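S.K.: I have a structure I would like to understand better, so I am pasting it below and will then ask my questions one at a time.
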Amino acid sequence: MNDHVPPSPEGQDTAATPRAQAAQIPAVNVHSRRRLPSVVWIVPFIAALIGLWLVIHSITSQGPVITITFKSAEGLEVGKTKLRYKDVDVGQVKAISLSSDRKNVIVTAQLIKSAADILATDTRFFVVRPRISGGSVSGLSTLLSGAYISVDVGVAKDSTDEFTGLETPPLVTRDSVGHEFILHGKQIGSINYGSPVYFRHIDAGHVTQYSLDKDGKGITLRVFIDAPYDQYVNTQTRFWHASGVEVSLDANGVKVAAESLTSILDGGLAFQDVDDAPPGLKPADNGTVFSLFENREHAMRSPDTRVRSYVMYFKDSLRGLSKGAPVDLHGIVIGEVKSIGVDFSESGDVPRFPVEVSIYPDRLRSQLRNGAQAPDDDTARKEHALLDRLVAKGLRAQLKSGNLLTGQLYVALDFFNDAPPAKINWSSDVPVLPSNNGGLAEIQDTVGRIAKKIDKLPFEQLSGELLTAMTKLNKTLENTEKLSRHLDTEVTPELTSTLKEARATLTSANAVLSEDAPVQQDLREALKQVSKSARSLANFADTLERHPDALVFGIEKVKP
């Protein structure tokens with residue numbers, strides 16, 4: 001092929017002949033060649049692959065999405081609030097919204113894949129935030145880190161993705177070691193959620209739940225006793241209220257007892273075996289039901305297996321006697337007042353006021369001394385015969401004052417030798433025990449009789465006589481005063497002179513009677529002479545008795 005193109009002739013218009021020019025342009029054969037992509041595109045491609053892998057990994061590594069319903073979203077934040085199990089992050093809050101009825105909030109949380117097996121139907125969720133409840137403070141670590149949702153993994157086999165959160169953190173989680181027991185009582189007292197439970201003044205557990213019974217006549221509590229104290233709960237264990245301070249007054253003085261300062265401020269419970277519980281009892285099973293007593297005294301009291309009802313009629317006023325007042329026999333409480341009523345007889349007589357009491361014979365048996373003979377009352381017939389004998393010996397019921405300050409009364413059973421004869425009617429629905437007038441009523445009657453006698457006294461006559469006597473006494477006192485003045489002015493000086501003379505006479509007498517006085521010496525000499533004369537006279541009389549003729553012939557001429 002010839003590539004040479006001949007020059008165009010001068011003066012020829014090339015634009016006018018395009019086809020001629022095109023025919024004159026030679027054809028060029030172009031050979032195509034494949035080109036490789038530039039190295040610059042390799043980096044974005046690798047980045048895209050890594051991003052795709054991360055997306056796939058993120059999707060495949062994500063756990064399930066769950067919803068938790070709470071009363072409020074206080075302290076919760078989307079993208080910040082974590083879900084934790086044993087302080088390990090297992091998820092995060094992704095969204096918070098209101099429920100359709102606007103009464104609750106629904107928290108949507110994304111869990112990690114490894115936490116997919118914790119979504120049992122009994123798994124519990126609760127918000128951990130700073131709380132002060134009674135004597136305990138919890139959640140202080142969230143002051144800086146913020147609130148989080150804690151997970152208490154359940155044990156059920158079924159799973160779910162919708163949960164209802166707890167408003168308060170549970171005191172006992174499922175990995176806590178111990179036993180839970182149920183208590184039934186009449187009043188909740190100062191017990192609250194989380195109140196402590198003591199064993200011999202040691203904090204051994206907590207109150208985990210309380211509720212009012214359906215009939216409204218009692219309360220039910222659940223308590224959790226931590227290990228190892230749960231092993232001391234058995235069939236002979238008693239639970240009682242240990243709130244506040246227990247004050248008792250007896251012959252030894254005033255006793256004040258309290259479990260702890262926390263129980264005084266926040267309330268609490270306590271438990272212990274009865275004093276006569278046999279050793280080696282098996283620990284109680286989880287969920288065992290116990291009775292909750294008002295105080296330790298009632299808890300440690302032996303159970304009343306036998307109850308006998310009796311009615312008593314008193315002539316005394318029942319003011320101060322209330323339901324539950326004790327019934328004692330010589331100071332031993334053997335029962336309590338069950339009810340107080342009024343009985344109108346059909347004959348129109350004065351109404352009577354029956355007091356129904358419950359007697360517990362086993363309480364009296366528990367006071368028997370070792371080796372003492374127990375009463376023979378194992379059958380109803382023997383029990384009736386025993387009471388008949390006691391009534392025949394003077395057993396009567398009497399109202400007595402238990403407290404002079406409050407005026408509270410109680411029923412005392414005692415023996416009265418001068419009590420009129422009485423019998424128990426066992427055929428009636430409730431047997432009637434005979435009664436006696438109370439000591440206070442007798443005192444009131446005596447005071448009344450004295451008052452009546454005082455009223456009969458003639459006070460007007462006595463007042464006149466008393467006035468006359470007072471006038472005479474006044475005159476007597478005036479005369480006495482005059483006599484006293486006379487004695488002071490006239491008699492006293494003379495008496496003083498007389499006393500001086502008497503004193504001088506006594507002084508002279510003392511001088512005369514002293515041993516070295518001349519009179520004493522002369523007197524002694526005279527007495528000596530008298531003594532000699534007496535001896536001579538005695539000798540002379542003796543001579544005359546032997547020689548009567550001596551008076552005639554003389555003593556010398558008388559023959560011997």
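Residue numbering restarts at 1 for every chain of the structure tokens, chains are lettered A, B, ... in their displayed order, and ligands are numbered from 1 as they appear.
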Taking 4 positions as the minimum chain separation for residues in the same chain, which residues sit within 9 Å of Phe271 of chain A when counting only C-alpha atoms? Answer as a VMD selection string.
M.R.: chain A and resid 197 to 200 233 237 to 241 296
S.K.: Taking the DSSP assignment computed from this structure's backbone, write out as a count of residues only all residues of segment 55-210 of chain A that belong to helix (DSSP H, G or I).
M.R.: 17
S.K.: For Asp285 of chain A, please output as number ranges by chain all residues within 9 Å (counting only C-alpha atoms; exclusion window: fewer than 6 positions along the same chain).
M.R.: A: 179-181, 233-234
S.K.: Since we have the selection now, will you write its residues out, keeping C-alpha atoms, as an mmCIF file, in the first residue's frame?
M.R.:
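As written to disk, again.cif reads:
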```cif
data_model
loop_
_atom_site.group_PDB
_atom_site.id
_atom_site.type_symbol
_atom_site.label_atom_id
_atom_site.label_comp_id
_atom_site.auth_asym_id
_atom_site.auth_seq_id
_atom_site.Cartn_x
_atom_site.Cartn_y
_atom_site.Cartn_z
ATOM 1 C CA HIS A 179 -33.075 -21.209 102.494
ATOM 2 C CA GLU A 180 -36.259 -19.210 102.189
ATOM 3 C CA PHE A 181 -39.065 -19.634 104.731
ATOM 4 C CA VAL A 233 -33.962 -23.599 111.488
ATOM 5 C CA ASN A 234 -35.987 -26.736 112.300
#
```
S.K.: Extract, using only C-alpha atoms, all DNA, RNA and protein residues at most 8 Å from segment 427-431 of chain A, discarding same-chain residues fewer than 3 positions from it, and format them as a compact mmCIF listing (two decimals) with N, CA and C atoms, in the first residue's frame.
M.R.:
```txt
# COMPACT_ATOMS: atom_id res chain seq x y z
N SER A 309 -62.90 -23.75 127.91
CA SER A 309 -63.61 -22.49 128.03
C SER A 309 -64.53 -22.51 129.23
N TYR A 310 -64.52 -21.42 130.00
CA TYR A 310 -65.38 -21.28 131.16
C TYR A 310 -65.94 -19.86 131.18
N VAL A 311 -67.06 -19.71 131.90
CA VAL A 311 -67.71 -18.40 132.05
C VAL A 311 -67.73 -18.05 133.53
N ILE A 424 -70.30 -26.62 139.92
CA ILE A 424 -70.19 -26.31 138.50
C ILE A 424 -71.25 -27.10 137.74
```
S.K.: From a DSSP pass on the backbone, collect the residues of segment 144-190 of chain A flagged as strand (DSSP E or B) and hand them back as a list in words.
M.R.: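 Checking each residue of segment 144-190 of chain A, the strand (DSSP E or B) ones are Tyr148, Ile149, Ser150, Val151, Asp152, Ser159, Glu162, Phe163, Thr164, Leu166, Gly178, His179, Glu180, Phe181, Ile182, Leu183, His184 and Gly185 of chain A.
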S.K.: Emit the selected residues as a PDB file, in the first residue's frame, including C-alpha atoms.
M.R.:
```pdb
ATOM      1  CA  TYR A 148     -27.023   0.005  84.849  1.00  0.00           C
ATOM      2  CA  ILE A 149     -29.428  -2.898  84.435  1.00  0.00           C
ATOM      3  CA  SER A 150     -28.404  -5.974  86.390  1.00  0.00           C
ATOM      4  CA  VAL A 151     -29.395  -9.470  85.315  1.00  0.00           C
ATOM      5  CA  ASP A 152     -30.328 -12.318  87.654  1.00  0.00           C
ATOM      6  CA  SER A 159     -36.923 -18.726  77.001  1.00  0.00           C
ATOM      7  CA  GLU A 162     -40.061  -9.930  76.721  1.00  0.00           C
ATOM      8  CA  PHE A 163     -39.518  -9.252  80.423  1.00  0.00           C
ATOM      9  CA  THR A 164     -40.962  -7.146  83.230  1.00  0.00           C
ATOM     10  CA  LEU A 166     -38.174  -5.278  89.079  1.00  0.00           C
ATOM     11  CA  GLY A 178     -29.384 -20.400 102.045  1.00  0.00           C
ATOM     12  CA  HIS A 179     -33.075 -21.209 102.494  1.00  0.00           C
ATOM     13  CA  GLU A 180     -36.259 -19.210 102.189  1.00  0.00           C
ATOM     14  CA  PHE A 181     -39.065 -19.634 104.731  1.00  0.00           C
ATOM     15  CA  ILE A 182     -42.644 -18.351 105.001  1.00  0.00           C
ATOM     16  CA  LEU A 183     -43.957 -16.641 108.142  1.00  0.00           C
ATOM     17  CA  HIS A 184     -47.585 -15.956 109.077  1.00  0.00           C
ATOM     18  CA  GLY A 185     -48.438 -13.318 111.674  1.00  0.00           C
TER      19      GLY A 185
END
```
S.K.: Quick one: residues within 12 Å of Thr220 of chain A, only C-alpha atoms counted, chain neighbours fewer than 2 positions away excluded, as a PDB file with C-alpha atoms, in the first residue's frame?
M.R.:
```
ATOM      1  CA  PHE A 181     -39.065 -19.634 104.731  1.00  0.00           C
ATOM      2  CA  ILE A 182     -42.644 -18.351 105.001  1.00  0.00           C
ATOM      3  CA  LEU A 183     -43.957 -16.641 108.142  1.00  0.00           C
ATOM      4  CA  HIS A 184     -47.585 -15.956 109.077  1.00  0.00           C
ATOM      5  CA  GLY A 185     -48.438 -13.318 111.674  1.00  0.00           C
ATOM      6  CA  LYS A 186     -51.133 -10.895 112.794  1.00  0.00           C
ATOM      7  CA  GLN A 187     -49.282  -7.607 112.406  1.00  0.00           C
ATOM      8  CA  ILE A 188     -46.317  -6.490 110.319  1.00  0.00           C
ATOM      9  CA  ILE A 191     -40.940  -4.698 109.403  1.00  0.00           C
ATOM     10  CA  VAL A 207     -37.067 -10.084 104.831  1.00  0.00           C
ATOM     11  CA  THR A 208     -37.471 -10.547 101.086  1.00  0.00           C
ATOM     12  CA  GLN A 209     -41.221 -10.040 100.682  1.00  0.00           C
ATOM     13  CA  TYR A 210     -44.376  -9.256 102.640  1.00  0.00           C
ATOM     14  CA  SER A 211     -48.047  -9.118 101.731  1.00  0.00           C
ATOM     15  CA  LEU A 212     -51.471  -8.866 103.276  1.00  0.00           C
ATOM     16  CA  ASP A 213     -53.505 -12.064 103.420  1.00  0.00           C
ATOM     17  CA  LYS A 214     -56.550 -12.268 101.158  1.00  0.00           C
ATOM     18  CA  ASP A 215     -58.960 -12.243 104.103  1.00  0.00           C
ATOM     19  CA  GLY A 216     -57.235  -9.178 105.545  1.00  0.00           C
ATOM     20  CA  LYS A 217     -56.751 -10.814 108.951  1.00  0.00           C
ATOM     21  CA  GLY A 218     -53.017 -11.397 108.823  1.00  0.00           C
ATOM     22  CA  ARG A 222     -40.865 -14.410 103.210  1.00  0.00           C
ATOM     23  CA  VAL A 223     -37.467 -14.440 104.846  1.00  0.00           C
ATOM     24  CA  VAL A 289     -44.162 -22.299 107.011  1.00  0.00           C
ATOM     25  CA  PHE A 290     -43.744 -20.898 110.550  1.00  0.00           C
ATOM     26  CA  SER A 291     -45.836 -18.712 112.853  1.00  0.00           C
ATOM     27  CA  LEU A 292     -44.633 -15.210 113.653  1.00  0.00           C
TER      28      LEU A 292
END
```
S.K.: Please, which residues in segment 60-84 of chain A fall within 12 Å of segment 118-124 of chain A when counting only C-alpha atoms, and what is the closest atom pair and distance in Å to one decimal for each, ordered by chain then residue number, as JSON lines?
M.R.:
```
{"residue": "A:Gly63", "atom": "CA", "partner": "A:Leu119", "partner_atom": "CA", "distance": 10.9}
{"residue": "A:Pro64", "atom": "CA", "partner": "A:Leu119", "partner_atom": "CA", "distance": 9.2}
{"residue": "A:Val65", "atom": "CA", "partner": "A:Leu119", "partner_atom": "CA", "distance": 10.4}
{"residue": "A:Ile66", "atom": "CA", "partner": "A:Leu119", "partner_atom": "CA", "distance": 8.8}
{"residue": "A:Thr67", "atom": "CA", "partner": "A:Leu119", "partner_atom": "CA", "distance": 11.1}
{"residue": "A:Ile68", "atom": "CA", "partner": "A:Arg124", "partner_atom": "CA", "distance": 9.7}
{"residue": "A:Thr69", "atom": "CA", "partner": "A:Arg124", "partner_atom": "CA", "distance": 11.3}
{"residue": "A:Phe70", "atom": "CA", "partner": "A:Arg124", "partner_atom": "CA", "distance": 11.8}
{"residue": "A:Leu83", "atom": "CA", "partner": "A:Arg124", "partner_atom": "CA", "distance": 11.8}
{"residue": "A:Arg84", "atom": "CA", "partner": "A:Ile118", "partner_atom": "CA", "distance": 11.6}
```
S.K.: Of the candidates A:Ser484, A:Thr288, A:Thr492, A:Ser195, which shows the shortest atom-to-atom distance to Thr235 of chain A, using only C-alpha atoms?
M.R.: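 Using only C-alpha atoms, Thr235 of chain A sits closest to A:Thr288.
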S.K.: Just to confirm, what's the straight-line distance from atom CA of Lys452 of chain A to atom CA of Leu409 of chain A in Å (one decimal)?
M.R.: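 Result for atom CA of Lys452 of chain A versus atom CA of Leu409 of chain A: 27.7 Å, one decimal.
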S.K.: Between A:Ile225, A:Ile359, A:Leu387, A:Leu144, which residue has the minimum interatomic distance to Thr305 of chain A, considering only C-alpha atoms?
M.R.: A:Ile359
S.K.: What lies within 10 Å of Arg319 of chain A using only C-alpha atoms, ignoring chain neighbours under 3 positions off, as a CSV table (one decimal) with C-alpha atoms, in the first residue's frame?
M.R.:
```
chain,number,residue,atom,x,y,z
A,316,ASP,CA,-67.6,-5.9,140.6
A,322,SER,CA,-60.0,-6.3,128.6
A,407,GLY,CA,-56.1,0.4,136.6
A,408,GLN,CA,-55.8,-2.8,134.5
A,409,LEU,CA,-57.6,-5.9,136.0
```
S.K.: Using only C-alpha atoms, can you tell me which of A:Gln236, A:Thr446, A:Asn510, A:Ser145 comes closest to Ala284 of chain A?
M.R.: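 Among the listed residues, A:Gln236 lies closest to Ala284 of chain A.
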S.K.: For a test of reading the model, state the distance in Å between atom CA of Val307 of chain A and atom CA of Val333 of chain A, rounded to one decimal.
M.R.: 13.7 Å
S.K.: Restricting the calculation to only C-alpha atoms: of A:Ala412, A:Ala299, A:Leu537, A:Leu364, which residue gets closest to Gln398 of chain A?
M.R.: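 Answer, going by the shortest atom-to-atom distance: A:Ala412.
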